[in-house]
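K.L.:
Okay, handing you the structure first.
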Number of protein chains: 2
Amino acid sequence: MSTRNSSPAPGSGRGQRVTIADIARRAGVTSAAVSLAVNGRPGVSAATRERIMDIARELDWEPSPAARALAGAPVLTVGMVLARPAEVLGNEAFFGAFTAGLQEVLSAQDYSLQMKMVESPEAEIETYRRWFAQRRVDGVVMVDLRVDDPRIPALEEIGQPALVVGGPGHHGSLPSVYVDDAQATNLLVDHLASRGHSRIARVAGTAEFFHTAQRDRAFLGRCTELGIEGSLQDAGYGAQDAAVATAELLTATPPPTAIIFDSDEMALAGTHVLLESGVQVPEQIAVASYEDSALARTHRPAITAIGRSAIEYGRLAATRLLEIIAASRKRPQGDATATTAGGAPGSEAAEVRAIEPVLLVRGSTDPDAEPALSTPPIRG
Amino acid sequence: MSTRNSSPAPGSGRGQRVTIADIARRAGVTSAAVSLAVNGRPGVSAATRERIMDIARELDWEPSPAARALAGAPVLTVGMVLARPAEVLGNEAFFGAFTAGLQEVLSAQDYSLQMKMVESPEAEIETYRRWFAQRRVDGVVMVDLRVDDPRIPALEEIGQPALVVGGPGHHGSLPSVYVDDAQATNLLVDHLASRGHSRIARVAGTAEFFHTAQRDRAFLGRCTELGIEGSLQDAGYGAQDAAVATAELLTATPPPTAIIFDSDEMALAGTHVLLESGVQVPEQIAVASYEDSALARTHRPAITAIGRSAIEYGRLAATRLLEIIAASRKRPQGDATATTAGGAPGSEAAEVRAIEPVLLVRGSTDPDAEPALSTPPIRG
DNA sequence: AGCTGTTACTATAGCGCTCAAGTAGCGGCG
DNA sequence: CGCCGCTACTTGAGCGCTATAGTAACAGCT
């Protein structure tokens, strides 16, 4: 990258592809030596290595991933497959940031991300199977963890590096990273309780998702602990569903004094229903969300939310996955015995790493929270 | 060592990889015959082909993309690189749906999508260079078209299949697909004019984007045509920027009676500012957006928007790109003369296809528009 | 019978790289 | 002095597939 590429614009690269053989010829060595040199492996003298590298740069050589892969080298690609409808992807603030975090770390290590959207978990598993069978990826990151997720045993059986995003707990023998949803829940409930709320509702997404179940449990648990009334309202993950659920909550007698939504999108939709019904937010009913976003911030009132730093989450996932891949290369072929399937050595395979959630208190739960957004911080 | 072959199919697990040589041996032919058979190419009899296919299935054979690529076959991958900050990606409804549309078509043709996020246009170009040099992708789709986009000449020089998303107009010799932003603008302006508005403001995103410039021009043009007052307010693409711009608009004397925002996110943020300032929407100021989303729909008032069917847009882009790739395979190596750089034959290289925008009238411009969203269409 | 043409294959090179095994050269050491 | 061990390479064999000749078998035609 030091040399301004496309150098002195020679025929614009139209000629034959430059191979290590070309470099070898020029350097007066064999292609094997070049291979050692460009891959930073021992076996060539420092002087030769440098000479080779110079020539490679000069010739504008690029390695052929196909040839490398065919010869057994890692393909420097990780995969991620999404089995959810497009709108969900589009509307969720979390996802884009998570992906960005992933990319950031992967790109830095010269890895690329291959994505695929499918219709069902079965199709997702099938995709993993083929990716691995074809050696298209060195590892995968599995998102949208569900309760009793069928992808876990499938990935274990396939026996190639995989990282589960979600937790806590052990997912078969697969390693994972997660955000502590129980802690996030406690932050939210405690915050509301400290503001004097004693009837809190939670408008939850689909309970089949692991984190939803996790939140449900933590929510009810914490409410009981604090001796306050906590009610669960199931909904899908869409804005529409949240609106319906919120409307239903309003018919309760008495209605809750605070509502926690599973996402920013849901919180926004729910808040609209409240405001439209003449309910004051936060005076009559406070609102909080598990997910932060620019919209949650600009909304009036701004929505109190959990910041889970999706970017950081993505970075963590990528870092962990790369470790797993590296480990799996060391102990060559994971054999079929389940214990090492995750790729990481033996018992520590299922090691888990977490991100700390933080609470961002805003106007939707605290009337005194800095209201000034029309006079924004930007523009000195 | 129990060969726990984990799957009913033989060799599906840990064993050696199944190759066409294995199939050939079993079928009593050479690997070349197998290659012809599995690729649906002429040269083998129907009977032999079927026998080979059966064996391939039975053996659970999967082609090796690496080997294929090395031998000169297409890699069945298209690339897309995004040079924008993560939040933008996350907040924009458009992007997810567009990607989904892309994937849908690509997957159906057994193509995969490789994505990369970078920091700058230069890094983006560098990525294209390397992707092509390494033969990692068969083609790329270029999004977020800018005015005088440096990526156009770069892609032309690289001389590999590429599709420009955005337009209209010719982008060097590159083919493109686009949504007619001028028409969308007319739809919006006409709608507002027909509702009696004669002072319309447009809160625009960064003008360096092609479609923004396009909209600006169309907006001013149409306003002039209709003899109404149109004003342009520049902003970034964020919610924050839109909020600021809206606040500024309110200080004008007289303020506009309608505001058109460049995206749903901006429209939402702007509307909050209006409502917070006690402005009635749409009675005092009407609001419309170029981008639709679930949030725009659930918002109260619901936001009038342009539906550009991002999914369909993605599908179109993928379809077009695959055509371009196919064409470029026919006429082998694009030579360096710019004319054929897009991959498509000669003069029709720059052919362009468009998607029709539609106007979705909602409460933010029309108080009579079906207000019922708390009683949503779903359920029942 | 001899020639051209098909069809249905086979044989043989690679594609660009990696890796295990081999070798040349050289200083050190008993 | 002969052997060891080490470094710095070279040799050669693939990885799994595609592609381009080439060949055998057989039909059609004059």
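Scheme for the structure tokens: letters A, B, ... for chains in order shown; per-chain residue numbers from 1; ligand numbers from 1 in order shown.
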Do a least-squares overlay of chain A on chain B, C-alpha atoms all paired in order, then report the RMSD in Å.
P.N.:
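Once chain A is overlaid on chain B, the RMSD is 2.8 Å.
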K.L.:
Just the residues within 7 Å of range 49-66 of chain A, please, counting only C-alpha atoms (C1' of nucleotides), with nothing from its chain fewer than 5 positions along; format it as an MDAnalysis selection string.
P.N.:
(chainID A and resid 18:19 23 27 34 37:38 44 75) or (chainID B and resid 66:67 69:70 133:134) or (chainID C and resid 16)
K.L.:
Output N, CA, C and O atoms (P, O5', C5', C4', C3', O3' and C1' of nucleotides) for every residue in that selection, as a short mmCIF file (atom, residue, chain, number, x, y, z; two decimals), in the first residue's frame.
P.N.:
```cif
data_model
loop_
_atom_site.label_atom_id
_atom_site.label_comp_id
_atom_site.auth_asym_id
_atom_site.auth_seq_id
_atom_site.Cartn_x
_atom_site.Cartn_y
_atom_site.Cartn_z
N VAL A 18 0.46 -11.31 -12.93
CA VAL A 18 1.79 -11.48 -12.34
C VAL A 18 1.73 -12.61 -11.32
O VAL A 18 0.85 -12.62 -10.46
N THR A 19 2.62 -13.55 -11.41
CA THR A 19 2.62 -14.66 -10.45
C THR A 19 3.93 -14.68 -9.67
O THR A 19 4.89 -13.98 -10.02
N ILE A 23 8.08 -13.23 -10.20
CA ILE A 23 8.92 -12.62 -9.18
C ILE A 23 10.18 -13.46 -8.98
O ILE A 23 11.30 -12.94 -8.91
N ALA A 27 14.04 -12.43 -9.37
CA ALA A 27 14.88 -12.39 -8.17
C ALA A 27 15.97 -13.46 -8.24
O ALA A 27 16.84 -13.53 -7.36
N VAL A 34 9.95 -17.46 -3.02
CA VAL A 34 9.08 -16.29 -3.04
C VAL A 34 7.90 -16.51 -2.10
O VAL A 34 7.52 -15.63 -1.33
N ALA A 37 8.95 -15.95 1.32
CA ALA A 37 9.21 -14.53 1.57
C ALA A 37 7.94 -13.73 1.76
O ALA A 37 7.77 -13.04 2.76
N VAL A 38 7.05 -13.85 0.79
CA VAL A 38 5.87 -12.99 0.86
C VAL A 38 4.93 -13.38 1.99
O VAL A 38 4.09 -12.58 2.40
N VAL A 44 14.12 -17.97 4.33
CA VAL A 44 14.88 -17.13 3.40
C VAL A 44 15.63 -16.09 4.21
O VAL A 44 15.18 -15.69 5.28
N VAL A 75 -8.78 -19.17 3.51
CA VAL A 75 -9.32 -18.33 2.44
C VAL A 75 -9.53 -16.88 2.87
O VAL A 75 -9.95 -16.04 2.10
N ALA B 66 -12.38 -22.73 -5.22
CA ALA B 66 -10.98 -22.34 -5.41
C ALA B 66 -10.43 -22.97 -6.68
O ALA B 66 -9.83 -22.30 -7.52
N ALA B 67 -10.66 -24.25 -6.82
CA ALA B 67 -10.14 -24.94 -7.99
C ALA B 67 -10.78 -24.39 -9.26
O ALA B 67 -10.10 -24.19 -10.27
N ALA B 69 -12.01 -21.44 -9.73
CA ALA B 69 -11.51 -20.09 -9.99
C ALA B 69 -10.10 -20.18 -10.57
O ALA B 69 -9.76 -19.48 -11.52
N LEU B 70 -9.32 -21.05 -9.99
CA LEU B 70 -7.94 -21.17 -10.45
C LEU B 70 -7.91 -21.61 -11.91
O LEU B 70 -7.06 -21.20 -12.68
N ALA B 133 -7.82 -7.63 -9.08
CA ALA B 133 -6.49 -8.18 -9.26
C ALA B 133 -6.42 -9.60 -8.70
O ALA B 133 -5.77 -10.47 -9.26
N GLN B 134 -7.12 -9.81 -7.64
CA GLN B 134 -7.09 -11.13 -7.02
C GLN B 134 -8.16 -12.05 -7.59
O GLN B 134 -8.27 -13.20 -7.16
P DG C 16 -1.83 -17.97 -13.56
"O5'" DG C 16 -1.45 -18.05 -12.02
"C5'" DG C 16 -2.41 -17.64 -11.05
"C4'" DG C 16 -1.98 -18.16 -9.70
"C3'" DG C 16 -0.58 -17.73 -9.29
"O3'" DG C 16 -0.70 -17.07 -8.04
"C1'" DG C 16 -0.89 -20.05 -8.94
#
```
K.L.:
Neighbouring residues of DT23 in chain C were defined as those with any atom within 12 Å, considering only C-alpha atoms (C1' of nucleotides); residues of the same chain fewer than 6 positions away were excluded. Please report them as number ranges by chain.
P.N.:
D: 7-11
K.L.:
Check which residues of chain A sit at most 8 Å from chain D using only C-alpha atoms (C1' of nucleotides), and return one row each with the closest pair of atoms and their distance in Å to one decimal, ordered by chain and rising number, as a tab-separated table.
P.N.:
```
residue	atom	partner	partner_atom	distance
A:Thr30	CA	D:DT10	C1'	6.9
A:Ala33	CA	D:DC9	C1'	7.1
A:Gly43	CA	D:DA8	C1'	6.3
A:Val44	CA	D:DA8	C1'	5.8
A:Ser45	CA	D:DA8	C1'	6.8
A:Leu70	CA	D:DC15	C1'	4.8
A:Ala71	CA	D:DC15	C1'	4.7
A:Gly72	CA	D:DC15	C1'	6.9
```
K.L.:
Write the residues of the preceding selection, restricted to C-alpha atoms, as a CSV table (one decimal), in the first residue's frame.
P.N.:
```
chain,number,residue,atom,x,y,z
A,30,THR,CA,12.5,-20.3,-7.1
A,33,ALA,CA,11.4,-19.0,-2.0
A,43,GLY,CA,13.5,-20.1,5.3
A,44,VAL,CA,14.9,-17.1,3.4
A,45,SER,CA,17.5,-14.7,4.4
A,70,LEU,CA,-6.5,-24.7,-3.4
A,71,ALA,CA,-3.1,-25.2,-1.9
A,72,GLY,CA,-4.6,-25.4,1.5
```
K.L.:
Taking the DSSP secondary structure from the backbone, can you list the residues of range 156-364 of chain B that are strand (DSSP E or B), as a VMD selection string?
P.N.:
chain B and resid 162 to 165 171 174 176 to 179 199 to 204 209 229 to 234 258 to 261 286 to 289 304 to 307 352 to 355 358 to 360
K.L.:
Give me, please, the distance in Å between CA of Thr246 in chain B and CA of Ala302 in chain A, quoted to one decimal.
P.N.:
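Spanning CA of Thr246 in chain B to CA of Ala302 in chain A is a straight-line distance of 17.0 Å.
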K.L.:
For a quick test of understanding: name the residues of chain C lying within 12 Å of chain B when counting only C-alpha atoms (C1' of nucleotides), and present them as an MDAnalysis selection string.
P.N.:
chainID C and resid 6:17
K.L.:
Taking only C-alpha atoms into account, name the residue in B:Ser231, B:Ser120, B:Thr99, B:Ser173 that is nearest to chain A.
P.N.:
B:Thr99
